[in-house]
file data.csv (CSV, C-alpha atoms)
chain,number,residue,atom,x,y,z
A,1210,MET,CA,53.8,-103.8,-44.2
A,1211,GLY,CA,55.5,-101.9,-41.5
A,1212,ARG,CA,54.3,-100.4,-38.2
A,1213,MET,CA,54.7,-96.9,-37.0
A,1214,SER,CA,57.1,-97.3,-34.1
A,1215,ARG,CA,56.5,-93.8,-32.9
A,1216,ALA,CA,56.7,-90.5,-34.9
A,1217,GLY,CA,54.2,-89.1,-32.4
A,1218,CYS,CA,51.6,-90.7,-34.6
A,1219,PRO,CA,49.9,-93.4,-32.7
A,1220,GLY,CA,48.3,-95.5,-35.5
A,1221,GLY,CA,44.7,-94.7,-34.9
A,1222,VAL,CA,42.9,-92.4,-32.6
A,1223,GLY,CA,42.6,-93.1,-28.9
A,1224,ARG,CA,42.7,-96.8,-28.2
A,1225,GLN,CA,41.2,-97.9,-31.5
A,1226,ARG,CA,38.5,-100.0,-29.9
A,1227,HIS,CA,36.2,-100.1,-32.9
A,1228,GLY,CA,38.3,-101.0,-35.8
A,1229,THR,CA,37.1,-103.0,-38.8
A,1230,ALA,CA,39.9,-103.6,-41.2
A,1231,ARG,CA,42.2,-106.5,-40.3
A,1232,HIS,CA,40.7,-109.6,-38.6
A,1233,GLY,CA,37.9,-107.2,-37.7
A,1234,THR,CA,40.2,-105.1,-35.6
A,1235,ALA,CA,42.1,-101.9,-36.6
A,1236,ARG,CA,45.9,-102.3,-36.1
A,1237,PRO,CA,47.3,-99.5,-34.0
A,1238,ARG,CA,50.6,-97.7,-34.7
A,1239,PRO,CA,51.6,-98.7,-38.3
A,1240,ARG,CA,54.7,-97.0,-39.5
A,1241,PRO,CA,56.1,-97.0,-43.0
A,1242,ARG,CA,58.9,-99.5,-43.1
A,1243,PHE,CA,59.8,-98.5,-46.6
A,1244,ALA,CA,59.1,-95.0,-47.8
A,1245,PRO,CA,61.0,-94.2,-51.0
A,1246,ARG,CA,59.7,-90.9,-52.3
A,1247,SER,CA,59.2,-90.2,-55.9
A,1248,PRO,CA,59.9,-86.6,-57.0
A,1249,ARG,CA,57.0,-84.2,-56.2
A,1250,CYS,CA,57.9,-82.0,-59.1
A,1251,PRO,CA,60.1,-82.1,-62.2
A,1252,GLY,CA,63.9,-81.7,-61.6
A,1253,PRO,CA,65.8,-78.5,-62.2
A,1254,GLY,CA,66.0,-77.3,-65.8
A,1255,PRO,CA,69.2,-76.7,-67.7
A,1256,ARG,CA,71.8,-74.7,-66.0
A,1257,PRO,CA,72.2,-71.1,-67.2
A,1258,GLY,CA,75.2,-70.4,-69.3
A,1259,PRO,CA,78.2,-68.4,-68.1
A,1260,GLY,CA,78.0,-64.7,-67.8
A,1261,PRO,CA,77.2,-62.0,-65.3
A,1262,LEU,CA,74.1,-62.4,-63.2
A,1263,PRO,CA,71.5,-59.6,-63.3
A,1264,PRO,CA,71.1,-57.6,-60.1
A,1265,PRO,CA,68.6,-59.0,-57.6
A,1266,GLN,CA,65.1,-57.8,-58.1
A,1267,PRO,CA,63.3,-56.2,-55.1
A,1268,ALA,CA,61.0,-59.2,-54.6
A,1269,LEU,CA,64.0,-61.5,-54.5
A,1270,LEU,CA,65.7,-59.3,-51.9
A,1271,ARG,CA,62.6,-59.4,-49.8
A,1272,LEU,CA,62.5,-63.2,-49.9
A,1273,ARG,CA,66.2,-63.3,-49.0
A,1274,GLY,CA,65.6,-61.0,-46.1
A,1275,ARG,CA,62.7,-63.2,-45.0
A,1276,ALA,CA,64.8,-66.3,-45.2
A,1277,ALA,CA,67.5,-64.7,-43.1
A,1278,ARG,CA,64.9,-63.8,-40.4
A,1279,GLY,CA,63.6,-67.4,-40.5
A,1280,PRO,CA,64.8,-68.7,-37.1
A,1281,ALA,CA,63.7,-65.5,-35.3
A,1282,MET,CA,60.3,-65.4,-37.0
A,1283,ALA,CA,59.7,-69.1,-36.3
A,1284,ALA,CA,60.7,-68.7,-32.6
A,1285,ALA,CA,58.5,-65.6,-32.2
A,1286,ALA,CA,55.5,-67.3,-33.8
A,1287,LEU,CA,56.0,-70.4,-31.7
A,1288,ARG,CA,56.2,-68.8,-28.2
A,1289,ALA,CA,52.4,-68.2,-27.8
A,1290,ARG,CA,51.6,-71.6,-29.3
A,1291,VAL,CA,54.0,-73.4,-27.0
A,1292,ALA,CA,52.6,-71.6,-24.0
A,1293,ALA,CA,49.0,-72.6,-25.0
A,1294,LEU,CA,50.0,-76.2,-25.6
A,1295,GLY,CA,51.8,-76.3,-22.2
A,1296,ARG,CA,48.6,-75.3,-20.4
A,1297,ARG,CA,47.0,-78.5,-21.8
A,1298,LEU,CA,49.4,-80.6,-19.7
A,1299,GLY,CA,47.3,-80.2,-16.6
A,1300,ALA,CA,48.5,-80.5,-13.0
A,1301,PRO,CA,52.2,-81.5,-12.6
A,1302,GLY,CA,51.2,-84.9,-11.1
A,1303,ALA,CA,48.8,-85.7,-14.0
A,1304,ARG,CA,51.1,-87.6,-16.3
A,1305,ASP,CA,51.2,-90.4,-18.7
A,1306,THR,CA,53.8,-91.5,-21.2
A,1307,PHE,CA,52.5,-89.3,-24.0
A,1308,LEU,CA,52.1,-86.2,-21.8
A,1309,GLU,CA,55.7,-86.8,-20.6
A,1310,LYS,CA,57.0,-86.9,-24.1
A,1311,GLY,CA,55.0,-83.9,-25.1
A,1312,SER,CA,56.2,-82.0,-22.0
A,1313,ALA,CA,59.9,-82.9,-22.8
A,1314,ASN,CA,59.5,-81.7,-26.4
A,1315,LEU,CA,58.0,-78.4,-25.2
A,1316,ASP,CA,60.8,-77.8,-22.7
A,1317,LYS,CA,63.4,-78.4,-25.5
A,1318,LEU,CA,61.4,-76.2,-27.8
A,1319,LYS,CA,61.4,-73.3,-25.3
A,1320,ASP,CA,65.2,-73.5,-25.0
A,1321,LEU,CA,65.7,-73.5,-28.8
A,1322,CYS,CA,63.2,-70.6,-29.2
A,1323,ASN,CA,65.2,-68.6,-26.6
A,1324,GLU,CA,68.4,-69.3,-28.4
A,1325,GLY,CA,66.8,-68.2,-31.7
A,1326,LYS,CA,69.4,-70.0,-33.9
A,1327,GLU,CA,67.8,-73.3,-34.8
A,1328,HIS,CA,66.5,-73.9,-38.3
A,1329,PRO,CA,62.7,-73.4,-38.6
A,1330,SER,CA,62.1,-77.0,-39.8
A,1331,THR,CA,63.6,-78.3,-36.5
A,1332,LEU,CA,61.4,-76.1,-34.4
A,1333,PHE,CA,58.3,-76.9,-36.4
A,1334,GLN,CA,58.9,-80.6,-36.3
A,1335,LEU,CA,59.5,-80.6,-32.6
A,1336,TYR,CA,56.3,-78.6,-32.1
A,1337,THR,CA,54.4,-81.0,-34.3
A,1338,GLN,CA,55.6,-84.0,-32.2
A,1339,ALA,CA,54.5,-82.2,-29.0
A,1340,VAL,CA,51.0,-81.5,-30.6
A,1341,LEU,CA,50.6,-85.2,-31.6
A,1342,ASP,CA,51.6,-86.6,-28.2
A,1343,ILE,CA,49.5,-84.2,-26.1
A,1344,THR,CA,46.4,-84.5,-28.2
A,1345,TYR,CA,46.8,-88.3,-28.3
A,1346,PHE,CA,46.4,-88.3,-24.5
A,1347,GLU,CA,43.2,-86.2,-24.8
A,1348,GLU,CA,41.9,-88.5,-27.6
A,1349,ASN,CA,42.3,-91.5,-25.3
A,1350,GLN,CA,40.2,-89.8,-22.7
A,1351,LEU,CA,37.4,-89.1,-25.3
A,1352,VAL,CA,37.4,-92.8,-26.4
A,1353,ASP,CA,37.4,-94.1,-22.9
A,1354,GLU,CA,34.4,-91.9,-22.1
A,1355,ASP,CA,32.6,-93.0,-25.3
A,1356,PHE,CA,32.5,-89.5,-26.7
A,1357,PRO,CA,30.1,-87.9,-24.2
A,1358,GLU,CA,27.1,-86.6,-26.1
A,1359,GLU,CA,26.9,-83.3,-24.3
A,1360,SER,CA,30.6,-82.3,-24.8
A,1361,ALA,CA,32.3,-84.5,-27.4
A,1362,LEU,CA,31.6,-82.4,-30.5
A,1363,GLN,CA,33.1,-79.2,-29.0
A,1364,LYS,CA,36.1,-81.2,-27.8
A,1365,LEU,CA,36.4,-82.7,-31.3
A,1366,LYS,CA,36.5,-79.2,-32.8
A,1367,GLU,CA,39.1,-78.2,-30.3
A,1368,LEU,CA,41.4,-81.1,-31.0
A,1369,ILE,CA,41.1,-80.8,-34.8
A,1370,SER,CA,42.0,-77.1,-34.5
A,1371,ILE,CA,45.1,-77.9,-32.5
A,1372,LEU,CA,46.1,-80.6,-34.9
A,1373,SER,CA,45.8,-78.0,-37.7
A,1374,GLU,CA,48.2,-75.6,-35.9
A,1375,PRO,CA,51.5,-77.0,-37.3
A,1376,GLU,CA,50.3,-76.4,-40.9
A,1377,ASP,CA,49.0,-73.0,-40.1
A,1378,LEU,CA,52.3,-72.1,-38.4
A,1379,VAL,CA,54.4,-73.1,-41.5
A,1380,ARG,CA,52.2,-71.1,-43.8
A,1381,GLU,CA,52.4,-68.1,-41.4
A,1382,CYS,CA,56.2,-68.1,-41.2
A,1383,SER,CA,57.5,-69.6,-44.4
A,1384,ILE,CA,57.3,-69.3,-48.2
A,1385,LYS,CA,57.7,-73.1,-48.3
A,1386,GLU,CA,55.0,-75.8,-48.3
A,1387,PRO,CA,54.3,-77.7,-45.1
A,1388,ILE,CA,55.7,-80.9,-46.5
A,1389,ASP,CA,59.1,-79.2,-47.1
A,1390,LEU,CA,59.4,-78.2,-43.4
A,1391,LEU,CA,57.4,-80.9,-41.6
A,1392,GLY,CA,58.3,-83.8,-43.8
A,1393,ALA,CA,55.9,-86.3,-45.4
A,1394,GLU,CA,55.5,-88.6,-42.4
A,1395,LEU,CA,54.6,-85.9,-39.9
A,1396,LEU,CA,52.1,-84.3,-42.4
A,1397,GLU,CA,50.5,-87.7,-43.0
A,1398,CYS,CA,50.2,-88.1,-39.2
A,1399,LEU,CA,48.4,-84.9,-38.8
A,1400,TYR,CA,45.9,-85.7,-41.5
A,1401,TRP,CA,45.5,-89.3,-40.3
A,1402,ARG,CA,44.9,-88.3,-36.7
A,1403,LYS,CA,42.2,-85.8,-37.7
A,1404,GLY,CA,40.5,-88.2,-40.1
A,1405,ALA,CA,40.7,-91.2,-37.6
A,1406,LEU,CA,39.4,-89.0,-34.8
A,1407,LEU,CA,36.3,-88.2,-36.8
A,1408,TYR,CA,35.9,-91.8,-37.8
A,1409,MET,CA,35.8,-92.9,-34.2
A,1410,TYR,CA,33.4,-90.2,-33.3
A,1411,CYS,CA,31.0,-91.1,-36.1
A,1412,HIS,CA,31.3,-94.8,-35.2
A,1413,THR,CA,29.9,-93.9,-31.8
A,1414,ALA,CA,27.5,-91.2,-32.8
A,1415,LYS,CA,25.7,-93.4,-35.5
A,1416,GLU,CA,24.6,-95.7,-32.7
A,1417,ARG,CA,22.7,-92.9,-30.9
A,1418,SER,CA,19.5,-93.0,-32.9
A,1419,GLU,CA,17.8,-90.1,-31.2
A,1420,TRP,CA,20.8,-87.8,-31.5
A,1421,LEU,CA,21.3,-88.9,-35.1
A,1422,GLN,CA,17.7,-88.0,-36.1
A,1423,GLU,CA,18.1,-84.5,-34.7
A,1424,ASN,CA,21.7,-83.9,-36.0
A,1425,VAL,CA,21.9,-85.6,-39.4
A,1426,ALA,CA,23.5,-82.5,-41.0
A,1427,THR,CA,26.2,-82.4,-38.3
A,1428,PHE,CA,26.8,-86.1,-38.6
A,1429,LYS,CA,27.2,-85.7,-42.4
A,1430,LYS,CA,29.6,-82.8,-41.9
A,1431,CYS,CA,31.8,-84.9,-39.6
A,1432,LEU,CA,31.8,-87.8,-42.2
A,1433,ASN,CA,32.6,-85.4,-45.0
A,1434,ASP,CA,35.5,-83.8,-43.2
A,1435,GLY,CA,36.8,-87.1,-41.9
A,1436,VAL,CA,36.9,-88.6,-45.4
A,1437,GLN,CA,38.6,-85.6,-46.8
A,1438,TYR,CA,41.3,-85.6,-44.2
A,1439,LEU,CA,42.0,-89.3,-44.9
A,1440,MET,CA,42.1,-88.6,-48.6
A,1441,LYS,CA,44.7,-85.8,-48.0
A,1442,MET,CA,46.7,-88.2,-45.9
A,1443,LEU,CA,46.8,-90.6,-48.9
A,1444,SER,CA,47.8,-87.8,-51.2
A,1445,VAL,CA,50.8,-86.5,-49.3
A,1446,ARG,CA,53.3,-88.8,-51.1
A,1447,CYS,CA,53.2,-89.6,-54.8
A,1448,PRO,CA,52.9,-93.2,-55.8
A,1449,LEU,CA,56.2,-94.7,-56.9
A,1450,GLN,CA,56.6,-94.6,-60.6
A,1451,LEU,CA,58.3,-97.9,-61.5
A,1452,ASP,CA,60.7,-98.0,-64.5
A,1453,GLU,CA,63.9,-99.6,-65.6
A,1454,ASP,CA,66.0,-97.5,-63.2
A,1455,ILE,CA,64.2,-98.9,-60.1
A,1456,SER,CA,64.8,-102.5,-59.2
A,1457,LEU,CA,62.6,-104.1,-56.5
A,1458,GLN,CA,62.9,-107.8,-56.0
A,1459,ASP,CA,59.6,-108.0,-54.1
A,1460,LYS,CA,56.9,-107.5,-56.8
A,1461,ASP,CA,54.2,-107.2,-54.2
A,1462,THR,CA,56.0,-104.4,-52.5
A,1463,ALA,CA,56.5,-102.7,-55.8
A,1464,ARG,CA,52.8,-102.9,-56.6
A,1465,LEU,CA,51.9,-101.4,-53.1
A,1466,LEU,CA,54.3,-98.5,-53.6
A,1467,SER,CA,53.0,-97.9,-57.1
A,1468,GLU,CA,49.5,-97.7,-55.6
A,1469,GLY,CA,50.6,-95.1,-53.1
A,1470,ILE,CA,50.4,-97.5,-50.1
A,1471,PHE,CA,53.4,-97.0,-48.0
A,1472,SER,CA,52.2,-98.5,-44.7
A,1473,ASP,CA,49.4,-100.2,-42.9
A,1474,THR,CA,48.0,-96.8,-42.1
A,1475,HIS,CA,47.5,-95.9,-45.7
A,1476,LEU,CA,45.4,-99.1,-46.2
A,1477,LEU,CA,43.4,-98.4,-43.0
A,1478,ALA,CA,42.7,-94.9,-44.3
A,1479,MET,CA,41.1,-96.4,-47.4
A,1480,MET,CA,38.9,-98.7,-45.3
A,1481,TYR,CA,38.0,-96.0,-42.9
A,1482,SER,CA,37.1,-93.6,-45.8
A,1483,GLY,CA,35.0,-96.3,-47.5
A,1484,GLU,CA,33.2,-97.1,-44.3
A,1485,MET,CA,32.4,-93.4,-43.5
A,1486,CYS,CA,31.0,-93.0,-47.0
A,1487,TYR,CA,28.8,-96.0,-46.4
A,1488,TRP,CA,27.5,-94.4,-43.2
A,1489,GLY,CA,26.9,-91.2,-45.1
A,1490,LEU,CA,24.9,-92.9,-47.8
A,1491,LYS,CA,23.0,-95.0,-45.3
A,1492,HIS,CA,22.1,-92.2,-42.8
A,1493,CYS,CA,22.4,-88.9,-44.6
A,1494,GLY,CA,20.5,-89.4,-47.9
A,1495,ALA,CA,17.8,-87.0,-46.7
A,1496,VAL,CA,20.2,-84.0,-46.4
A,1497,GLU,CA,21.9,-84.4,-49.7
A,1498,GLY,CA,22.3,-81.1,-51.4
A,1499,LYS,CA,22.1,-79.1,-48.1
A,1500,GLN,CA,25.8,-78.6,-47.7
A,1501,GLU,CA,25.5,-74.8,-47.3
A,1502,SER,CA,23.8,-75.4,-43.9
A,1503,LEU,CA,26.6,-77.5,-42.5
A,1504,GLU,CA,29.0,-75.8,-40.1
A,1505,SER,CA,32.7,-76.6,-40.6
A,1506,ILE,CA,34.2,-78.8,-38.0
A,1507,ASP,CA,37.7,-77.3,-38.8
A,1508,PRO,CA,37.5,-73.5,-38.4
A,1509,VAL,CA,41.1,-72.7,-38.9
A,1510,SER,CA,42.9,-74.5,-41.6
A,1511,ASP,CA,43.9,-73.1,-44.9
A,1512,SER,CA,46.0,-75.1,-47.3
A,1513,ASP,CA,46.3,-75.8,-50.9
A,1514,LEU,CA,45.3,-79.4,-50.8
A,1515,ASP,CA,42.9,-78.4,-48.1
A,1516,SER,CA,41.8,-74.9,-48.9
A,1517,ARG,CA,39.5,-75.6,-46.2
A,1518,SER,CA,38.0,-77.8,-48.8
A,1519,GLN,CA,36.0,-79.4,-46.1
A,1520,SER,CA,33.2,-77.1,-47.3
A,1521,ILE,CA,33.0,-79.2,-50.5
A,1522,SER,CA,30.4,-82.0,-50.3
A,1523,LEU,CA,31.6,-85.4,-51.3
A,1524,ASP,CA,29.8,-87.9,-53.4
A,1525,PHE,CA,29.7,-90.6,-50.8
A,1526,GLN,CA,28.6,-93.3,-53.3
A,1527,GLU,CA,31.4,-92.7,-55.8
A,1528,THR,CA,34.1,-92.0,-53.2
A,1529,GLY,CA,33.3,-94.9,-51.1
A,1530,ARG,CA,33.1,-97.3,-54.0
A,1531,ASN,CA,36.5,-96.2,-55.3
A,1532,MET,CA,38.2,-96.4,-51.9
A,1533,LEU,CA,36.8,-99.9,-51.1
A,1534,THR,CA,37.4,-101.3,-54.6
A,1535,LYS,CA,41.1,-100.3,-54.2
A,1536,TYR,CA,41.2,-101.7,-50.7
A,1537,VAL,CA,39.8,-105.1,-51.7
A,1538,ALA,CA,42.1,-105.3,-54.8
A,1539,VAL,CA,45.2,-104.7,-52.6
A,1540,CYS,CA,44.1,-107.0,-49.8
A,1541,GLU,CA,43.3,-109.9,-52.2
A,1542,GLY,CA,46.3,-109.1,-54.4
A,1543,PRO,CA,49.8,-108.2,-53.0
A,1544,LEU,CA,48.6,-108.6,-49.4
A,1545,LYS,CA,46.7,-111.9,-49.9
A,1546,GLY,CA,47.3,-114.2,-47.0
A,1547,GLN,CA,48.5,-111.4,-44.7
A,1548,GLY,CA,45.4,-111.4,-42.6
A,1549,TRP,CA,43.5,-108.4,-44.1
A,1550,ASN,CA,39.7,-109.0,-43.9
A,1551,THR,CA,37.7,-107.9,-46.9
A,1552,THR,CA,34.3,-109.3,-45.9
A,1553,THR,CA,32.9,-106.0,-44.5
A,1554,ALA,CA,34.3,-104.0,-47.4
A,1555,LYS,CA,32.6,-106.3,-50.0
A,1556,GLN,CA,29.3,-106.0,-48.2
A,1557,MET,CA,29.5,-102.2,-48.3
A,1558,LEU,CA,30.5,-102.3,-52.0
A,1559,HIS,CA,27.4,-104.4,-52.7
A,1560,TYR,CA,25.4,-101.7,-50.9
A,1561,PHE,CA,26.9,-98.9,-53.0
A,1562,VAL,CA,26.1,-100.8,-56.2
A,1563,LYS,CA,22.6,-101.6,-55.0
A,1564,SER,CA,21.9,-97.9,-54.0
A,1565,HIS,CA,23.1,-96.7,-57.4
A,1566,SER,CA,20.8,-99.0,-59.4
call {"tool": "encode", "arguments": {"input": "data.csv", "output": "structure tokens"}}
result
Amino acid sequence: MGRMSRAGCPGGVGRQRHGTARHGTARPRPRPRFAPRSPRCPGPGPRPGPGPLPPPQPALLRLRGRAARGPAMAAAALRARVAALGRRLGAPGARDTFLEKGSANLDKLKDLCNEGKEHPSTLFQLYTQAVLDITYFEENQLVDEDFPEESALQKLKELISILSEPEDLVRECSIKEPIDLLGAELLECLYWRKGALLYMYCHTAKERSEWLQENVATFKKCLNDGVQYLMKMLSVRCPLQLDEDISLQDKDTARLLSEGIFSDTHLLAMMYSGEMCYWGLKHCGAVEGKQESLESIDPVSDSDLDSRSQSISLDFQETGRNMLTKYVAVCEGPLKGQGWNTTTAKQMLHYFVKSHS
């Protein structure tokens, strides 16, 4: 499986100190080495026959006008967001590699917005890269500080809100879906980073027994949202449908693609999801059915796949069992001998079965 060489999507969150998947350690920065995309929708229907075209309808004229205003609308919507993101860079001397990359992207973005000629997809992708780089620096700080109990949750909400901005921006300015303008990999990065950030926070928070006793509902909400972000990440691209027209010499690779596993990150997302469901079942059984009291971690997002569906309470037992079963099958099937550890996953699967009986 390949590694994410960059894409503004550092493989995990922060420095990934608490991983559990491969050799007991999460592998940072995976990037899809192969990423064939199956069609997301049926192809175009039959071409219309010859003849005069009907006059454009008012709705169509409005859409054409909106498309023509695309670069100007995108630039106008971006200016305030770029300024807000720039303020997160801190003092001029406070720099690291990711802040420098984010700063360079913001400078380039300001110039393109002033010109007002670049295609919206270019502007949105550049903005997304800057968001990913700058928030990654802040995530590292949170991890290094072990998610301070008094301030971590607020910081978490803030970072998740910023990581939701690219999707919100696309929906505000375009009639197209985020995947059409951001691309599959950037959209996966955004979901992965939000889900992995919540995973890392919950990994730390579950060890604080006194805090956990007083904040079980909040903990459950973090788990619930984190799993759903990771599930969205796994749903961005369709599994490859293998048929006679597709020839892949490597049968193991073919199986991975047909399972919707395009990189190490996808596999880690399955393991993280299963582990978070395990924590939910183990620590949050007493608050089952009280979802209406749980405050949303993500106050801003609105998407189709999402629909701020974080408000929907997951069945931790069923979701965790499904994710870990698939994880184990892949690790002991096409990835056998590649170093992926399934011991912890099997122990959690046993717990799911035992808790169900």
call {"tool": "closest_residue", "arguments": {"input": "data.csv", "among": "A:Trp1549, A:Tyr1336, A:Phe1525, A:Tyr1536", "to": "His1565 of chain A", "atoms": "only C-alpha atoms"}}
result
A:Phe1525
call {"tool": "closest_residue", "arguments": {"input": "data.csv", "among": "A:Leu1315, A:Val1537, A:Ala1405, A:Leu1294", "to": "Tyr1438 of chain A", "atoms": "all atoms listed in the file"}}
result
A:Ala1405
call {"tool": "atom_distance", "arguments": {"input": "data.csv", "atom1": "atom CA of Pro1280 of chain A", "atom2": "atom CA of Ser1383 of chain A"}}
result
10.4 Å
call {"tool": "atom_distance", "arguments": {"input": "data.csv", "atom1": "atom CA of Asp1461 of chain A", "atom2": "atom CA of Pro1543 of chain A"}}
result
4.7 Å
call {"tool": "closest_residue", "arguments": {"input": "data.csv", "among": "A:Gln1350, A:Ser1444, A:Asn1314, A:Thr1534", "to": "Thr1337 of chain A", "atoms": "all atoms listed in the file"}}
result
A:Asn1314
call {"tool": "closest_residue", "arguments": {"input": "data.csv", "among": "A:Cys1540, A:Cys1447, A:Met1409, A:Leu1523", "to": "Ser1467 of chain A", "atoms": "all atoms listed in the file"}}
result
A:Cys1447
call {"tool": "atom_distance", "arguments": {"input": "data.csv", "atom1": "atom CA of Gly1311 of chain A", "atom2": "atom CA of Ile1343 of chain A"}}
result
5.6 Å
call {"tool": "closest_residue", "arguments": {"input": "data.csv", "among": "A:Glu1541, A:Glu1367, A:Glu1484, A:Asp1473", "to": "Thr1528 of chain A", "atoms": "all atoms listed in the file"}}
result
A:Glu1484
call {"tool": "closest_residue", "arguments": {"input": "data.csv", "among": "A:Arg1296, A:Asp1353, A:Leu1341, A:Asp1377", "to": "Lys1403 of chain A", "atoms": "only C-alpha atoms"}}
result
A:Leu1341
call {"tool": "residues_around", "arguments": {"input": "data.csv", "residues": "Leu1318 of chain A", "least_positions_apart": "5", "cutoff": "9 Å", "atoms": "all atoms listed in the file", "output": "MDAnalysis selection string"}}
result
chainID A and resid 1284 1287 1291 1313 1323 1332 1335:1336
